[in-house]
Amino acid sequence: MKLERTFLPQSLENYLHSENYDSGALPTDISATRLKDSPRVHRLQKKHFKDIKVDYLKRGFAKLGEAWHSHMESYAPKDWITEERFYADVHGKFISGAIDAVEPTDTGVNIWDYKVMTSYKAQSEMIEFERQLNIYAFLLRQNGMNPERLFISAVVRDWSDIRVTGNYPDTMFPVFELNMWSPEETEAYIKERLDAHFSEDIPLCTEEERWMSQAKYAVVSQKTGKAIRVFSTEDEALNYNTKSSVRIEKRTAEPIRCKRFCEVAEFCDQYQSELFTQELVTNE
């Protein structure tokens, strides 16, 4: 059987190329999801939108998330507010956020956000989701509501029951409650992000925004050239006991987003200058 890697049924082609993002009825300066994300990426996307070449085959997980959102909206209780966009004017900038679901309570509302994620992500601190949902909470307060709790309802796409231990989720549909910030803390964060997104100069991406991996140390077999074990520290690698003849290889940290997922990487002088420097070092 031959595996066709580039041929897709027309139905899938149509779905991957579909654009279902709803920016809302009112013009805004920035959305909540963009506000928490890299100012550099956002501004380069606006500057080079005509020249960006989208690899639609890389949109698979995003489209799965889109389908998950659609089904969750369909089955929400009738008194929930679903997929509604809320607006607020903050220091002269108009921001908005489309909240997946707002659940009414006796004294206020709860915010629900639906995510498709890996098991690795499910065991992380999810700080970027915490930022996003606290921006949503701010928007609701500005619209006369009282947000009380913040929840992520997730689908873990690589979940396996045989891996359940420690912090690994015990179901493929885990629910996470995130920290609610004070109104003052949230407004200060939003103001700081607005300054970064609308400053005269384009800020450099942080390591977090670039999804920088951690440096690793591989214990590599001299005979096969393959890694036997990979460790987070050099000491762990050096102390690994094996009867085989091995060497230790350092695997440097890499900006995963820049290398594999950023649509504006070719227009980014921060990343391109790094590639140029690496090429010079390699050719020395």
# chains A, B, ... in the order shown; residues from 1 in each chain; ligands from 1

$ select_by_dssp --residues "segment 10-234 of chain A" --states "strand (DSSP E)" --output "VMD selection string"
chain A and resid 30 to 31 81 to 90 93 to 104 109 to 117 147 to 156 175 to 178 216 to 221 227 to 231

$ write_last_selection --atoms "C-alpha atoms" --output "PDB file, in the first residue's frame"
ATOM      1  CA  ILE A  30      -6.771  44.124  19.181  1.00  0.00           C
ATOM      2  CA  SER A  31      -8.344  40.905  20.452  1.00  0.00           C
ATOM      3  CA  ILE A  81     -23.951  32.623  26.683  1.00  0.00           C
ATOM      4  CA  THR A  82     -21.833  30.969  23.962  1.00  0.00           C
ATOM      5  CA  GLU A  83     -19.323  32.351  21.459  1.00  0.00           C
ATOM      6  CA  GLU A  84     -20.282  35.966  22.169  1.00  0.00           C
ATOM      7  CA  ARG A  85     -17.766  38.754  21.660  1.00  0.00           C
ATOM      8  CA  PHE A  86     -17.397  41.381  24.395  1.00  0.00           C
ATOM      9  CA  TYR A  87     -15.776  44.812  24.025  1.00  0.00           C
ATOM     10  CA  ALA A  88     -14.067  47.411  26.195  1.00  0.00           C
ATOM     11  CA  ASP A  89     -12.206  50.678  25.762  1.00  0.00           C
ATOM     12  CA  VAL A  90      -8.889  50.586  27.639  1.00  0.00           C
ATOM     13  CA  LYS A  93      -7.664  51.257  22.655  1.00  0.00           C
ATOM     14  CA  PHE A  94     -10.715  49.158  21.837  1.00  0.00           C
ATOM     15  CA  ILE A  95     -10.167  45.491  22.739  1.00  0.00           C
ATOM     16  CA  SER A  96     -12.452  42.511  22.339  1.00  0.00           C
ATOM     17  CA  GLY A  97     -12.704  38.832  23.203  1.00  0.00           C
ATOM     18  CA  ALA A  98     -14.956  36.043  21.953  1.00  0.00           C
ATOM     19  CA  ILE A  99     -15.637  33.926  25.027  1.00  0.00           C
ATOM     20  CA  ASP A 100     -16.449  30.267  24.410  1.00  0.00           C
ATOM     21  CA  ALA A 101     -19.040  30.031  27.164  1.00  0.00           C
ATOM     22  CA  VAL A 102     -20.339  32.139  30.047  1.00  0.00           C
ATOM     23  CA  GLU A 103     -22.157  30.081  32.690  1.00  0.00           C
ATOM     24  CA  PRO A 104     -24.602  31.952  34.946  1.00  0.00           C
ATOM     25  CA  VAL A 109     -20.870  34.000  36.027  1.00  0.00           C
ATOM     26  CA  ASN A 110     -18.166  31.416  35.320  1.00  0.00           C
ATOM     27  CA  ILE A 111     -15.985  31.569  32.209  1.00  0.00           C
ATOM     28  CA  TRP A 112     -15.378  28.396  30.189  1.00  0.00           C
ATOM     29  CA  ASP A 113     -12.766  28.042  27.463  1.00  0.00           C
ATOM     30  CA  TYR A 114     -12.430  24.934  25.278  1.00  0.00           C
ATOM     31  CA  LYS A 115      -8.969  23.660  24.321  1.00  0.00           C
ATOM     32  CA  VAL A 116      -7.499  20.762  22.364  1.00  0.00           C
ATOM     33  CA  MET A 117      -4.088  20.033  23.866  1.00  0.00           C
ATOM     34  CA  PRO A 147     -16.888  36.747  36.809  1.00  0.00           C
ATOM     35  CA  GLU A 148     -16.268  34.324  39.667  1.00  0.00           C
ATOM     36  CA  ARG A 149     -14.311  31.326  38.320  1.00  0.00           C
ATOM     37  CA  LEU A 150     -12.212  30.499  35.241  1.00  0.00           C
ATOM     38  CA  PHE A 151     -12.260  27.034  33.679  1.00  0.00           C
ATOM     39  CA  ILE A 152     -10.551  25.194  30.824  1.00  0.00           C
ATOM     40  CA  SER A 153     -12.448  22.221  29.400  1.00  0.00           C
ATOM     41  CA  ALA A 154      -9.885  20.233  27.427  1.00  0.00           C
ATOM     42  CA  VAL A 155      -9.570  17.344  25.026  1.00  0.00           C
ATOM     43  CA  VAL A 156      -6.170  15.659  25.396  1.00  0.00           C
ATOM     44  CA  VAL A 175     -11.163  20.305  33.493  1.00  0.00           C
ATOM     45  CA  PHE A 176      -8.749  22.875  34.924  1.00  0.00           C
ATOM     46  CA  GLU A 177      -9.590  25.836  37.142  1.00  0.00           C
ATOM     47  CA  LEU A 178      -7.266  28.798  36.612  1.00  0.00           C
ATOM     48  CA  LYS A 216      19.249  18.600  26.636  1.00  0.00           C
ATOM     49  CA  TYR A 217      22.162  16.179  27.055  1.00  0.00           C
ATOM     50  CA  ALA A 218      22.031  12.927  25.123  1.00  0.00           C
ATOM     51  CA  VAL A 219      23.936   9.766  26.010  1.00  0.00           C
ATOM     52  CA  VAL A 220      24.834   8.491  22.537  1.00  0.00           C
ATOM     53  CA  SER A 221      26.102   5.021  21.680  1.00  0.00           C
ATOM     54  CA  ALA A 227      20.792   8.275  21.710  1.00  0.00           C
ATOM     55  CA  ILE A 228      20.325   5.792  24.552  1.00  0.00           C
ATOM     56  CA  ARG A 229      18.907   8.318  27.040  1.00  0.00           C
ATOM     57  CA  VAL A 230      18.349  12.073  27.051  1.00  0.00           C
ATOM     58  CA  PHE A 231      18.728  14.139  30.247  1.00  0.00           C
TER      59      PHE A 231
END

$ select_by_dssp --residues "segment 165-259 of chain A" --states "helix (DSSP H, G or I)" --output "list in words"
Pro183, Glu184, Glu185, Thr186, Glu187, Ala188, Tyr189, Ile190, Lys191, Glu192, Arg193, Leu194, Asp195, Ala196, His197, Glu234, Asp235, Glu236, Ala237, Leu238, Ile256, Arg257, Cys258 and Lys259 of chain A

$ atom_distance --atom1 "atom CA of Met172 of chain A" --atom2 "atom CA of Ser70 of chain A"
18.3 Å

$ atom_distance --atom1 "atom CA of Pro183 of chain A" --atom2 "atom CA of Phe198 of chain A"
22.4 Å

$ closest_atom_pairs --of "segment 31-132 of chain A" --to "segment 190-197 of chain A" --cutoff "9 Å" --atoms "only C-alpha atoms" --output "JSON lines"
{"residue": "A:Leu35", "atom": "CA", "partner": "A:Arg193", "partner_atom": "CA", "distance": 6.2}
{"residue": "A:Lys36", "atom": "CA", "partner": "A:Arg193", "partner_atom": "CA", "distance": 6.9}
{"residue": "A:Asp37", "atom": "CA", "partner": "A:Arg193", "partner_atom": "CA", "distance": 8.8}
{"residue": "A:Ser38", "atom": "CA", "partner": "A:His197", "partner_atom": "CA", "distance": 8.1}
{"residue": "A:Pro39", "atom": "CA", "partner": "A:His197", "partner_atom": "CA", "distance": 4.7}
{"residue": "A:Arg40", "atom": "CA", "partner": "A:His197", "partner_atom": "CA", "distance": 7.7}
{"residue": "A:His42", "atom": "CA", "partner": "A:His197", "partner_atom": "CA", "distance": 8.0}
{"residue": "A:Arg43", "atom": "CA", "partner": "A:His197", "partner_atom": "CA", "distance": 7.7}
{"residue": "A:Val90", "atom": "CA", "partner": "A:Lys191", "partner_atom": "CA", "distance": 7.6}
{"residue": "A:His91", "atom": "CA", "partner": "A:Lys191", "partner_atom": "CA", "distance": 7.5}
{"residue": "A:Lys93", "atom": "CA", "partner": "A:Leu194", "partner_atom": "CA", "distance": 7.9}

$ write_last_selection --atoms "C-alpha atoms" --output "PDB file, in the first residue's frame"
ATOM      1  CA  LEU A  35      -3.041  40.855  23.254  1.00  0.00           C
ATOM      2  CA  LYS A  36      -1.501  38.041  25.305  1.00  0.00           C
ATOM      3  CA  ASP A  37       0.630  36.870  22.371  1.00  0.00           C
ATOM      4  CA  SER A  38       3.815  38.212  20.772  1.00  0.00           C
ATOM      5  CA  PRO A  39       3.599  41.866  19.647  1.00  0.00           C
ATOM      6  CA  ARG A  40       6.308  41.153  17.057  1.00  0.00           C
ATOM      7  CA  HIS A  42       1.162  40.334  15.389  1.00  0.00           C
ATOM      8  CA  ARG A  43       2.744  43.395  13.820  1.00  0.00           C
ATOM      9  CA  VAL A  90      -8.889  50.586  27.639  1.00  0.00           C
ATOM     10  CA  HIS A  91      -6.683  53.681  27.663  1.00  0.00           C
ATOM     11  CA  LYS A  93      -7.664  51.257  22.655  1.00  0.00           C
TER      12      LYS A  93
END

$ closest_residue --among "A:Gly92, A:Thr224, A:Ile52, A:Met126" --to "Thr28 of chain A" --atoms "only C-alpha atoms"
A:Gly92

$ closest_atom_pairs --of "segment 4-87 of chain A" --to "segment 253-274 of chain A" --cutoff "10 Å" --atoms "only C-alpha atoms" --output "JSON lines"
{"residue": "A:Arg40", "atom": "CA", "partner": "A:Cys268", "partner_atom": "CA", "distance": 8.3}
{"residue": "A:Val41", "atom": "CA", "partner": "A:Val264", "partner_atom": "CA", "distance": 6.8}
{"residue": "A:His42", "atom": "CA", "partner": "A:Val264", "partner_atom": "CA", "distance": 9.1}
{"residue": "A:Arg43", "atom": "CA", "partner": "A:Val264", "partner_atom": "CA", "distance": 9.7}
{"residue": "A:Leu44", "atom": "CA", "partner": "A:Val264", "partner_atom": "CA", "distance": 6.4}
{"residue": "A:Gln45", "atom": "CA", "partner": "A:Val264", "partner_atom": "CA", "distance": 6.3}
{"residue": "A:Lys46", "atom": "CA", "partner": "A:Val264", "partner_atom": "CA", "distance": 9.9}
{"residue": "A:Lys47", "atom": "CA", "partner": "A:Phe267", "partner_atom": "CA", "distance": 9.5}
{"residue": "A:His48", "atom": "CA", "partner": "A:Val264", "partner_atom": "CA", "distance": 7.7}
{"residue": "A:Phe49", "atom": "CA", "partner": "A:Val264", "partner_atom": "CA", "distance": 8.8}
{"residue": "A:Asp51", "atom": "CA", "partner": "A:Val264", "partner_atom": "CA", "distance": 9.2}
{"residue": "A:Ile52", "atom": "CA", "partner": "A:Glu263", "partner_atom": "CA", "distance": 6.5}
{"residue": "A:Lys53", "atom": "CA", "partner": "A:Glu263", "partner_atom": "CA", "distance": 7.2}
{"residue": "A:Val54", "atom": "CA", "partner": "A:Glu263", "partner_atom": "CA", "distance": 6.8}
{"residue": "A:Asp55", "atom": "CA", "partner": "A:Glu263", "partner_atom": "CA", "distance": 8.5}
{"residue": "A:Lys58", "atom": "CA", "partner": "A:Phe261", "partner_atom": "CA", "distance": 8.0}
{"residue": "A:Arg59", "atom": "CA", "partner": "A:Phe261", "partner_atom": "CA", "distance": 9.8}

$ residues_around --residues "Gln123 of chain A" --least-positions-apart "6" --cutoff "8 Å" --atoms "only C-alpha atoms" --output "ChimeraX atom specification"
/A:167-169

$ write_last_selection --atoms "C-alpha atoms" --output "compact mmCIF listing (two decimals), in the first residue's frame"
# COMPACT_ATOMS: atom_id res chain seq x y z
CA ASN A 167 0.19 14.84 37.07
CA TYR A 168 -0.86 12.98 33.93
CA PRO A 169 -4.61 13.60 33.38

$ atom_distance --atom1 "atom CA of Pro203 of chain A" --atom2 "atom CA of Leu280 of chain A"
25.2 Å
